[in-house]
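Right, one structure below, let's go through it.
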Amino acid sequence: EVQSNYAQGFKRGDYSNAIALLHTNVGTASVNENYARCSLDDLKNAGMDYWALGHIHLTQVLSESKPCVIYAGSPQALNINETGAHGCYVVEIDNGSVTYDWHETNLVEMKQIAVDMSTALSLDDVRTIISHELRESLSSEASYLVRLVLQGVSHLGCALDGSTLSNLHESLRALLVGPLPRVFLDRTILNETTETVEEAMTQTNNTFLRAMLDVDPDTLMNEFDLNQAIFVKNNKPLVQIFPDIVDELSKPEELRKMLTEAQELLYRELMQEGN
């Protein structure tokens with residue numbers, strides 16, 4: 001971090017055209033680290049015709065004339081957060097009059113694509129939705145490095161864990177070989193989805209899942225007799241195998257919690273089986 005305001009040291013000499021180059025943050029808003037911060041007034045007071053600024057990789061025209069102040073950005077994005085087109089300016093100065101034209105130079109454009117997962121009921125659905133979103137969002141004449149951001153209410157729950165996302169990344173790479181433009185996938189797939197059984201109940205179109213989710217745990221509690229429960233694995237009474245657990249489940253609040261968790265677990269397991 002550099003605290004000095006270097007812009008205040010610039011003064012125009014006796015020249016027909018005055019150009020200044022400076023690595024700096026102008027103003028207070030910047031995603032970059034602080035470096036030789038100055039104000040736009042500092043640049044104007046120096047009397048230059050054209051300021052060619054560096055440090056911020058985003059193309060910005062801070063002032064069109066008297067003086068012309070431009071961040072050209074960078075000819076190529078350096079990381080996935082530097083989204084959008086990158087390039088340079090061709091600037092001409094004639095007796096203090098400045099004209100400029102921007103030219104795109106990046107070979108690969110960085111792009112983050114948000115993908116709504118609310119209609120996905122399986123990983124096959126996820127792949128289909130992402131493939132469609134890529135085709136809709138990308139130009140056929142460019143190359144891209146894409147980071148996918150999964151958003152919305154997901155019915156897949158724990159199915160979208162780290163291991164699954166890693167496998168999804170590999171299968172998507174295979175899908176990108178074909179009619180899509182040249183696309184490289186960033187290794188990170190951000191999962192910003194939210195998921196609850198209550199949300200799934202209102203949105204799923206699967207008849208069996210809706211019937212299962214519509215069962216109220218309170219209704220199950222009224223019909224559930226611990227003394228009659230059988231452990232399926234060996235067909236023995238539950239009270240004989242897990243007496244401590246049965247004691248806990250004799251409490252209504254614990255039984256309701258267990259039934260709710262079982263409902264969520266069954267839902268997620270069925271969703272994964274559907275993949």
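Going through the structure tokens in order, the chains are called A, B, and so on, while each chain numbers its residues from 1 and the ligands are numbered from 1 in the order shown.
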
Can you pull out the residues contacting region 143-145 of chain A? Cut-off 10 Å, using only C-alpha atoms, and skip same-chain residues under 6 positions away; I want them as JSON, numbers by chain.
{"A": [79, 80, 83, 84, 106, 107, 108, 109, 110, 111, 112, 180, 181, 182, 183, 184, 185, 186]}

Any idea what's packed within 7 Å of Tyr89 (chain A), counting only C-alpha atoms, ignoring anything in its chain fewer than 4 positions away? Could you give it as a PyMOL selection string?
chain A and resi 72+100-103

Closest pair table for region 47-114 of chain A residues within 10 Å of region 9-30 of chain A, only C-alpha atoms, as CSV:
```
residue,atom,partner,partner_atom,distance
A:Gly47,CA,A:Arg12,CA,5.4
A:Met48,CA,A:Ala18,CA,5.1
A:Asp49,CA,A:Ala18,CA,5.2
A:Tyr50,CA,A:Ile19,CA,4.9
A:Trp51,CA,A:Ala20,CA,4.9
A:Ala52,CA,A:Leu21,CA,4.8
A:Leu53,CA,A:Leu22,CA,5.1
A:Gly54,CA,A:His23,CA,4.5
A:His55,CA,A:His23,CA,5.4
A:Ile56,CA,A:Asn25,CA,7.3
A:Leu58,CA,A:Ser30,CA,9.9
A:Leu62,CA,A:Val26,CA,8.9
A:Pro67,CA,A:Ile19,CA,9.6
A:Cys68,CA,A:Ile19,CA,9.7
A:Val69,CA,A:Ala20,CA,9.6
A:Tyr71,CA,A:His23,CA,9.8
A:Ile93,CA,A:Asn17,CA,6.8
A:Asp94,CA,A:Asn17,CA,7.1
A:Asn95,CA,A:Ser16,CA,5.3
A:Gly96,CA,A:Asn17,CA,5.2
A:Ser97,CA,A:Asn17,CA,8.4
A:Val98,CA,A:Asn17,CA,9.4
```

Name the closest residue to Glu170 (chain A) among the candidates A:Ile189, A:Ala46, A:Ala7, A:Val153; distances are taken between atoms, counting only C-alpha atoms.
A:Ile189

Give me the residues within 8 Å of Ile113 (chain A) as a PyMOL selection string, counting only C-alpha atoms and dropping any in the same chain fewer than 5 places off.
chain A and resi 133-134+137+146-149

Store the residues of this selection in a file with all heavy atoms, as an mmCIF file, in the first residue's frame.
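Full text of result32.cif as output:
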```cif
data_model
loop_
_atom_site.group_PDB
_atom_site.id
_atom_site.type_symbol
_atom_site.label_atom_id
_atom_site.label_comp_id
_atom_site.auth_asym_id
_atom_site.auth_seq_id
_atom_site.Cartn_x
_atom_site.Cartn_y
_atom_site.Cartn_z
ATOM 1 N N GLU A 133 -28.057 -22.637 -20.018
ATOM 2 C CA GLU A 133 -27.650 -21.294 -19.583
ATOM 3 C C GLU A 133 -26.363 -20.862 -20.281
ATOM 4 O O GLU A 133 -26.201 -19.687 -20.655
ATOM 5 C CB GLU A 133 -27.468 -21.276 -18.064
ATOM 6 C CG GLU A 133 -27.416 -19.888 -17.450
ATOM 7 C CD GLU A 133 -28.723 -19.138 -17.593
ATOM 8 O OE1 GLU A 133 -29.797 -19.759 -17.433
ATOM 9 O OE2 GLU A 133 -28.669 -17.926 -17.900
ATOM 10 N N LEU A 134 -25.437 -21.790 -20.464
ATOM 11 C CA LEU A 134 -24.196 -21.465 -21.160
ATOM 12 C C LEU A 134 -24.478 -21.052 -22.607
ATOM 13 O O LEU A 134 -23.910 -20.077 -23.108
ATOM 14 C CB LEU A 134 -23.253 -22.665 -21.136
ATOM 15 C CG LEU A 134 -22.609 -22.993 -19.783
ATOM 16 C CD1 LEU A 134 -21.878 -24.321 -19.849
ATOM 17 C CD2 LEU A 134 -21.656 -21.890 -19.347
ATOM 18 N N SER A 137 -25.954 -17.543 -22.658
ATOM 19 C CA SER A 137 -25.172 -16.439 -22.087
ATOM 20 C C SER A 137 -23.899 -16.121 -22.846
ATOM 21 O O SER A 137 -23.319 -15.049 -22.641
ATOM 22 C CB SER A 137 -24.807 -16.760 -20.624
ATOM 23 O OG SER A 137 -25.960 -17.009 -19.848
ATOM 24 N N VAL A 146 -15.344 -19.579 -17.372
ATOM 25 C CA VAL A 146 -16.630 -19.386 -16.718
ATOM 26 C C VAL A 146 -16.612 -19.960 -15.311
ATOM 27 O O VAL A 146 -16.147 -21.081 -15.086
ATOM 28 C CB VAL A 146 -17.755 -20.068 -17.539
ATOM 29 C CG1 VAL A 146 -19.072 -20.032 -16.773
ATOM 30 C CG2 VAL A 146 -17.899 -19.390 -18.891
ATOM 31 N N ARG A 147 -17.120 -19.180 -14.376
ATOM 32 C CA ARG A 147 -17.409 -19.699 -13.034
ATOM 33 C C ARG A 147 -18.924 -19.783 -12.888
ATOM 34 O O ARG A 147 -19.643 -18.802 -13.102
ATOM 35 C CB ARG A 147 -16.842 -18.805 -11.932
ATOM 36 C CG ARG A 147 -17.295 -19.219 -10.528
ATOM 37 C CD ARG A 147 -16.601 -18.436 -9.440
ATOM 38 N NE ARG A 147 -15.208 -18.840 -9.322
ATOM 39 C CZ ARG A 147 -14.317 -18.210 -8.540
ATOM 40 N NH1 ARG A 147 -14.689 -17.153 -7.840
ATOM 41 N NH2 ARG A 147 -13.071 -18.635 -8.466
ATOM 42 N N LEU A 148 -19.404 -20.955 -12.523
ATOM 43 C CA LEU A 148 -20.831 -21.172 -12.331
ATOM 44 C C LEU A 148 -21.216 -20.874 -10.887
ATOM 45 O O LEU A 148 -20.519 -21.267 -9.951
ATOM 46 C CB LEU A 148 -21.201 -22.615 -12.671
ATOM 47 C CG LEU A 148 -20.947 -23.034 -14.129
ATOM 48 C CD1 LEU A 148 -21.146 -24.535 -14.275
ATOM 49 C CD2 LEU A 148 -21.865 -22.277 -15.078
ATOM 50 N N VAL A 149 -22.334 -20.172 -10.710
ATOM 51 C CA VAL A 149 -22.856 -19.859 -9.384
ATOM 52 C C VAL A 149 -24.278 -20.414 -9.307
ATOM 53 O O VAL A 149 -25.186 -19.910 -9.976
ATOM 54 C CB VAL A 149 -22.858 -18.333 -9.121
ATOM 55 C CG1 VAL A 149 -23.323 -18.049 -7.692
ATOM 56 C CG2 VAL A 149 -21.480 -17.732 -9.372
#
```

Can you check which residues of region 5-168 of chain A DSSP gives as alpha helix (DSSP H) on the backbone and send them as an MDAnalysis selection string?
chainID A and resid 40:45 123:137 162:168

Those of region 40-145 of chain A in DSSP strand (DSSP E or B), formatted as a count of residues only
42
